[in-house]
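Reviewing the structure listed below.
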Amino acid sequence: MTGPKVATTLSPLRSRLPAAAVAACLLLLTAPWAPSAAAQEGRVAPVPGGVQPTPFDPRQAVGDAPVTAAAEGGEGLLPSGAGSGTFASFRVFATQYAPNTPGSVEVAVPDKCVKFAALGWTGPLSQQCPAAYRTNLDYRVVVSRDSGQRATLPVKDVGPWNTDDNYWAGPGSPRPRRLFGDLPRGVPEAQAARAGYNTVPNCLNLDRTPSGRPGGADQFGRCVRNPGGIDLSLEAAKGLGLANLQNEVVTVTFLWEPLATTVLSSNSGKALDVVGIGTHDGARIQQWASHGGSNQQWKFIPAGPAGVYTVLAAHTGKALDVVGIGTHDGARIQQWAPHGGPNQQWRVVPTGPGVYALLAVHTGKALDVEGFSKQDGAPVQQWANNGTQNQLWRIGLAG
């Protein structure tokens, strides 16, 4: 199999290059990239040169096959949220690279803003990135292999493939995904490109010359040749027990991207709350003055399709659930042990900066505060989606 060597040498443009070439490549990888309005609105962004992406079915990239270390083309890689964990965590394909500082133990992720913030490069950070990329966040990742080895590693570079693909970001993050927003959370664009996403008629070689063939492209129009979602420096990979040039699927936890969020009613400013801090199945959901307790914190776990989540109460791990799989207006909302049913899946639809409608997948009805109430204790129900303020929610990071 040629995958490991190809994957490593194509962790784009950093390995075994003369100093001048390295400098040129760094300029390429940190060059400004302005997302189109479509990208900012969550739709797929065009690639440079006016070549438009093809329509994408997320099922092509997140099928039912088990994850294996040999999933070189991206098949079978499933986006897996961190469940009851504290930070966003996903299984992605890891490649290796020779860092700019020989022997450095580090990683690269496909988000130039993380690199700028981690290295304290305030100039390009302020010019090219959202303000929420603060320099005092913990820009490290925990990389875990299926064999049990794990390490906490600093981010010091950008790659592989893209520079604006912060695929780990979810609802409520002040650092929303800048490009490829039609992909499910946790699916790197390079992985999707290996499964037919962003196919262009003549993708580019790494030297930017036309390849003469169609293929899934990165944001720069280059032919994506491996599904990499993180790059490990050679010494970091060695410390994890990986052989030279060995690439495989790993679990990555992003320590600057908390999972727990608050969900506040746009109508009242009150928080989505589990009544009485209840821990039992069937505890009802209400609105209540925000106090920061764990029964007012929620974790949005990807449920498969783009924009669809299971919403878990932080204090119990139980799911936001439409009582009795009800389909009628007024069906109450409770917490219940997660079972993956459509009455526990919510389509999160952005309606403005930080504001979302939450629609039950089995009915399309909206999460709604009964009677437009602004009172503590007002019950939460599902109701026909009408876009009113009592059906809109401000999702933000807890704390």
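Every chain in the structure tokens has a letter given in the order shown (A, B, ...), and although residue numbers restart at 1 in each chain, ligands are simply numbered from 1 in the order shown.
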
TODO: May I have the residues within 6 Å of segment 223-229 of chain A as JSON, numbers by chain, using only C-alpha atoms and disregarding those fewer than 4 positions away in the same chain?
DONE: {"A": [7, 74, 92, 93, 94, 188, 190, 191, 203, 204, 215, 216, 217]}

Open item on the list: My list of candidates is A:Pro210, A:Gly123, A:Asn198, A:Val252. Which is closest to Arg140 of chain A when distances are computed with only C-alpha atoms?
Closed with: A:Val252

Task: Per-residue DSSP, segment 128-253 of chain A, filtered to strand (DSSP E), as a PyMOL selection string - done: chain A and resi 140-144+150-158+199-200+215-216+228-233+248-253

With a cut-off of 9 Å, could you pull out the residues of segment 96-178 of chain A touching segment 260-274 of chain A and give me the nearest pair of atoms for each, distance in Å to one decimal, using only C-alpha atoms, ordered by chain and ascending number, as a Markdown table?
```
| residue | atom | partner | partner_atom | distance |
| --- | --- | --- | --- | --- |
| A:Pro171 | CA | A:Thr261 | CA | 8.5 |
| A:Gly172 | CA | A:Thr261 | CA | 6.5 |
| A:Ser173 | CA | A:Thr261 | CA | 8.6 |
```

Task: Neighbour list for Ala243 of chain A as a list in words, cut-off 12 Å, only C-alpha atoms, skip fewer than 4 positions in-chain - done: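 Once the nearby chain positions are removed, what remains is Pro4, Lys5, Thr8, Thr95, Gln96, Leu232, Ser233, Leu234, Glu235, Ala236, Ala237, Lys238, Gly239, Asn247 and Glu248 of chain A.
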
TODO: With a distance cut-off of 8 Å and only C-alpha atoms, select the neighbouring residues of segment 147-161 of chain A, excluding the residue or stretch itself and same-chain residues fewer than 3 positions from it, and output the selection as a PyMOL selection string.
DONE: chain A and resi 11-12+29+105-112+114-115+118-119+139-144+190+218-219+224+228-231+236+239-241

TODO: Any chance you could list, as a PyMOL selection string, the residues in segment 63-186 of chain A that come up helix (DSSP H, G or I) when DSSP is run on the backbone?
DONE: chain A and resi 112-119+122-128

Open item on the list: Just want the 7 Å neighbourhood of Ala360 of chain A, counted on only C-alpha atoms, with same-chain residues fewer than 6 positions away dropped. Output as a PyMOL selection string.
Closed with: chain A and resi 343+345-347+366

Selection export as a compact mmCIF listing (two decimals), in the first residue's frame, atoms kept: N, CA and C atoms:
```
# COMPACT_ATOMS: atom_id res chain seq x y z
N ASN A 343 -37.05 11.67 17.76
CA ASN A 343 -37.60 12.65 18.72
C ASN A 343 -36.54 13.14 19.69
N GLN A 345 -33.49 14.01 18.15
CA GLN A 345 -32.56 14.66 17.23
C GLN A 345 -33.13 16.02 16.84
N TRP A 346 -32.24 17.00 16.81
CA TRP A 346 -32.65 18.38 16.58
C TRP A 346 -31.83 19.00 15.46
N ARG A 347 -32.55 19.59 14.52
CA ARG A 347 -31.88 20.30 13.44
C ARG A 347 -31.65 21.73 13.91
N ALA A 366 -40.73 23.33 16.10
CA ALA A 366 -39.69 24.09 16.77
C ALA A 366 -39.76 23.95 18.29
```

TODO: Figure out the distance between atom CA of Ala283 of chain A and atom CA of Pro338 of chain A, please, to one decimal in Å.
DONE: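 Interatomic distance, atom CA of Pro338 of chain A to atom CA of Ala283 of chain A: 13.6 Å.
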
TODO: May I have the residues within 9 Å of Phe372 of chain A as a PyMOL selection string, using only C-alpha atoms and disregarding those fewer than 5 positions away in the same chain?
DONE: chain A and resi 267-268+378+388-391

Task: Nearest residue to Asp182 of chain A from the set A:Asp165, A:Trp393, A:Thr351, A:Thr310 (distances using only C-alpha atoms) - done: A:Asp165

Open item on the list: I need the residue nearest Leu255 of chain A from this list: A:Val348, A:Ala384, A:Leu358, A:Ala169. Use only C-alpha atoms for the distance.
Closed with: A:Ala169

- [ ] For each of A:Leu312, A:Arg222, A:Thr363, A:Gly186, take the minimum atom-to-atom distance to His328 of chain A, counting only C-alpha atoms, then give the residue where this is smallest.
- [x]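 Looking only at the distances to His328 of chain A, the closest residue turns out to be A:Thr363.
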
Open item on the list: What's the separation between atom CA of Leu245 of chain A and atom CA of Arg91 of chain A, in Å to one decimal place?
Closed with: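 Computed distance, atom CA of Leu245 of chain A to atom CA of Arg91 of chain A, equals 19.2 Å.
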